[in-house]
Amino acid sequence: MTKPDPNRVLRRLPLVVGGLGAVLLLINRLLTPELTESQSRGDVLGVILSAVLILTGLIWQQVQPRSPDSVELIGEEGFILAPDLPEVVKTELAWASHLLLTNTVTRSLVVFYQGKILLRRGILAPKSEVVPGPILKRVLEKQQPVYLVALKVYPGRIEFDYLPENTQGVICQPIGDRGVLILGANAPRSYTKQDENWIAGIADKLAVTLSSNL
């Protein structure tokens with residue numbers, strides 16, 4: 001379910017007040033049989049104030065940033081580690097995934113390394129198998145991250161069927177030259193540049209640990 005924009009009322013307030021003021025001025029003018037000079041001056045001032053409010057409201061609609069619409073991801077909360085991993089790797093994966101889930105908009109993540117899943121955490125989809133599609137293969141081959149800011153507009157989204165079906169945004173971050181960190185968000189266009197740098201740093205640290213212990 002989409003969450004409402006918390007700033008919607010604030011952005012629309014000048015429009016509503018300005019429009020209401022203009023309507024009241026018009027009603028007052030129509031119902032006044034004889035205008036005085038002072039009332040005419042007051043009407044002019046009221047019209048100017050209403051116009052300023054309406055203009056301010058229109059500007060706010062364009063300038064004020066809107067929080068991206070978020071959804072509740074469909075799936076079960078879970079934390080699944082491959083059972084045959086060394087303890088040092090399990091600890092590193094648990095640490096890294098906890099940081100990503102608590103400090104970024106990530107709600108679901110998968111660590112895919114050397115052709116197998118090492119970790120699934122967050123909101124999990126029913127399907128657990130990762131079959132690399134064109135996007136994931138490109139990340140593995142070029143070792144460059146891919147950020148799908150609004151997953152629903154990409155035809156290639158079907159390859160991410162191991163993430164919740166209503167995942168809004170996805171980052172595929174290479175882990176060295178052997179794996180990929182796949183992150184799913186519950187809102188489109190929600191990862192900042194700082195988030196991307198943070199994710200890249202964690203992936204680099206994971207690459208060192210995994211290459212040394214697997």
# chains A, B, ... in the order shown; residues from 1 in each chain; ligands from 1

call {"tool": "select_by_dssp", "arguments": {"residues": "region 7-209 of chain A", "states": "strand (DSSP E)", "output": "JSON, numbers by chain"}}
result
{"A": [76, 77, 78, 79, 80, 81, 106, 107, 108, 109, 110, 111, 112, 113, 116, 117, 118, 119, 120, 121, 122, 123, 124, 146, 147, 148, 169, 170, 171, 172, 173, 174, 175, 179, 180, 181, 182, 183, 184, 185]}

call {"tool": "write_last_selection", "arguments": {"atoms": "N, CA and C atoms", "output": "compact mmCIF listing (two decimals), in the first residue's frame"}}
result
# COMPACT_ATOMS: atom_id res chain seq x y z
N GLU A 76 7.95 -12.45 3.26
CA GLU A 76 8.18 -12.80 4.67
C GLU A 76 9.53 -12.25 5.12
N GLU A 77 9.56 -11.75 6.36
CA GLU A 77 10.82 -11.30 6.94
C GLU A 77 11.69 -12.52 7.21
N GLY A 78 12.97 -12.43 6.81
CA GLY A 78 13.84 -13.58 7.01
C GLY A 78 15.31 -13.23 7.02
N PHE A 79 16.12 -14.18 7.47
CA PHE A 79 17.58 -14.03 7.52
C PHE A 79 18.16 -15.42 7.28
N ILE A 80 18.62 -15.66 6.06
CA ILE A 80 19.08 -17.00 5.67
C ILE A 80 20.52 -16.92 5.19
N LEU A 81 21.39 -17.67 5.86
CA LEU A 81 22.80 -17.78 5.48
C LEU A 81 23.07 -19.18 4.95
N THR A 106 17.17 0.15 1.82
CA THR A 106 17.12 -1.27 1.47
C THR A 106 16.16 -2.02 2.39
N ARG A 107 15.30 -2.84 1.80
CA ARG A 107 14.39 -3.67 2.58
C ARG A 107 14.57 -5.16 2.29
N SER A 108 15.30 -5.46 1.22
CA SER A 108 15.56 -6.85 0.86
C SER A 108 16.92 -6.92 0.19
N LEU A 109 17.71 -7.93 0.56
CA LEU A 109 19.04 -8.03 -0.08
C LEU A 109 19.45 -9.49 -0.26
N VAL A 110 20.27 -9.68 -1.28
CA VAL A 110 20.80 -11.00 -1.63
C VAL A 110 22.28 -10.86 -1.94
N VAL A 111 23.09 -11.77 -1.41
CA VAL A 111 24.51 -11.83 -1.76
C VAL A 111 24.70 -13.06 -2.63
N PHE A 112 25.07 -12.84 -3.89
CA PHE A 112 25.28 -13.90 -4.87
C PHE A 112 26.77 -13.93 -5.20
N TYR A 113 27.42 -15.05 -4.88
CA TYR A 113 28.88 -15.10 -5.00
C TYR A 113 29.31 -16.46 -5.52
N LYS A 116 26.51 -19.01 -6.30
CA LYS A 116 25.54 -19.48 -5.32
C LYS A 116 25.15 -18.35 -4.36
N ILE A 117 24.04 -18.55 -3.69
CA ILE A 117 23.53 -17.55 -2.76
C ILE A 117 24.18 -17.77 -1.39
N LEU A 118 24.83 -16.72 -0.89
CA LEU A 118 25.43 -16.79 0.44
C LEU A 118 24.49 -16.25 1.51
N LEU A 119 23.67 -15.29 1.11
CA LEU A 119 22.80 -14.63 2.10
C LEU A 119 21.54 -14.10 1.45
N ARG A 120 20.42 -14.26 2.17
CA ARG A 120 19.17 -13.57 1.85
C ARG A 120 18.66 -12.98 3.16
N ARG A 121 18.32 -11.69 3.13
CA ARG A 121 17.89 -11.06 4.38
C ARG A 121 16.91 -9.92 4.08
N GLY A 122 16.05 -9.66 5.06
CA GLY A 122 15.03 -8.62 4.90
C GLY A 122 13.71 -9.25 4.51
N ILE A 123 12.96 -8.58 3.65
CA ILE A 123 11.71 -9.13 3.13
C ILE A 123 12.05 -10.07 1.99
N LEU A 124 11.67 -11.33 2.12
CA LEU A 124 12.08 -12.36 1.17
C LEU A 124 10.91 -12.78 0.28
N VAL A 146 24.81 -1.29 -11.27
CA VAL A 146 23.63 -0.87 -12.01
C VAL A 146 22.56 -0.47 -11.01
N TYR A 147 21.99 0.71 -11.18
CA TYR A 147 20.93 1.19 -10.31
C TYR A 147 19.67 1.37 -11.15
N LEU A 148 18.67 0.54 -10.88
CA LEU A 148 17.37 0.64 -11.54
C LEU A 148 16.47 1.46 -10.63
N GLY A 169 12.88 -0.28 -6.33
CA GLY A 169 14.18 0.08 -6.89
C GLY A 169 15.20 -0.99 -6.57
N VAL A 170 16.19 -1.15 -7.44
CA VAL A 170 17.19 -2.21 -7.25
C VAL A 170 18.59 -1.65 -7.55
N ILE A 171 19.53 -2.01 -6.70
CA ILE A 171 20.94 -1.76 -6.98
C ILE A 171 21.65 -3.11 -7.06
N CYS A 172 22.42 -3.29 -8.12
CA CYS A 172 23.27 -4.47 -8.26
C CYS A 172 24.72 -3.99 -8.16
N GLN A 173 25.34 -4.29 -7.05
CA GLN A 173 26.70 -3.80 -6.77
C GLN A 173 27.69 -4.96 -6.84
N PRO A 174 28.69 -4.87 -7.72
CA PRO A 174 29.65 -5.99 -7.83
C PRO A 174 30.44 -6.19 -6.55
N ILE A 175 30.70 -7.45 -6.23
CA ILE A 175 31.58 -7.81 -5.12
C ILE A 175 32.85 -8.37 -5.75
N GLY A 179 31.13 -11.84 -7.59
CA GLY A 179 29.76 -11.85 -7.08
C GLY A 179 29.09 -10.50 -7.17
N VAL A 180 27.84 -10.48 -6.70
CA VAL A 180 27.02 -9.27 -6.76
C VAL A 180 26.21 -9.15 -5.47
N LEU A 181 26.14 -7.94 -4.98
CA LEU A 181 25.26 -7.59 -3.87
C LEU A 181 24.01 -6.97 -4.48
N ILE A 182 22.87 -7.61 -4.25
CA ILE A 182 21.61 -7.17 -4.87
C ILE A 182 20.71 -6.59 -3.78
N LEU A 183 20.34 -5.34 -3.93
CA LEU A 183 19.57 -4.62 -2.92
C LEU A 183 18.22 -4.18 -3.49
N GLY A 184 17.15 -4.42 -2.74
CA GLY A 184 15.82 -4.00 -3.16
C GLY A 184 15.26 -2.97 -2.20
N ALA A 185 14.71 -1.88 -2.75
CA ALA A 185 14.13 -0.80 -1.94
C ALA A 185 12.62 -0.80 -2.07

call {"tool": "residues_around", "arguments": {"residues": "Ala150 (chain A)", "least_positions_apart": "5", "cutoff": "10 Å", "atoms": "only C-alpha atoms", "output": "PDB file with C-alpha atoms, in the first residue's frame"}}
result
ATOM      1  CA  ARG A 157      12.736  -6.554 -14.074  1.00  0.00           C
ATOM      2  CA  THR A 167      10.182  -4.063  -5.190  1.00  0.00           C
ATOM      3  CA  GLN A 168      10.447  -0.431  -6.303  1.00  0.00           C
ATOM      4  CA  GLY A 169      14.178   0.076  -6.891  1.00  0.00           C
ATOM      5  CA  VAL A 170      17.191  -2.211  -7.250  1.00  0.00           C
ATOM      6  CA  ALA A 185      14.134  -0.800  -1.937  1.00  0.00           C
ATOM      7  CA  ALA A 187      10.421   3.275  -2.855  1.00  0.00           C
ATOM      8  CA  PRO A 188      11.519   4.382  -6.354  1.00  0.00           C
ATOM      9  CA  ARG A 189      14.372   6.874  -6.809  1.00  0.00           C
ATOM     10  CA  SER A 190      15.140   6.582  -3.097  1.00  0.00           C
TER      11      SER A 190
END
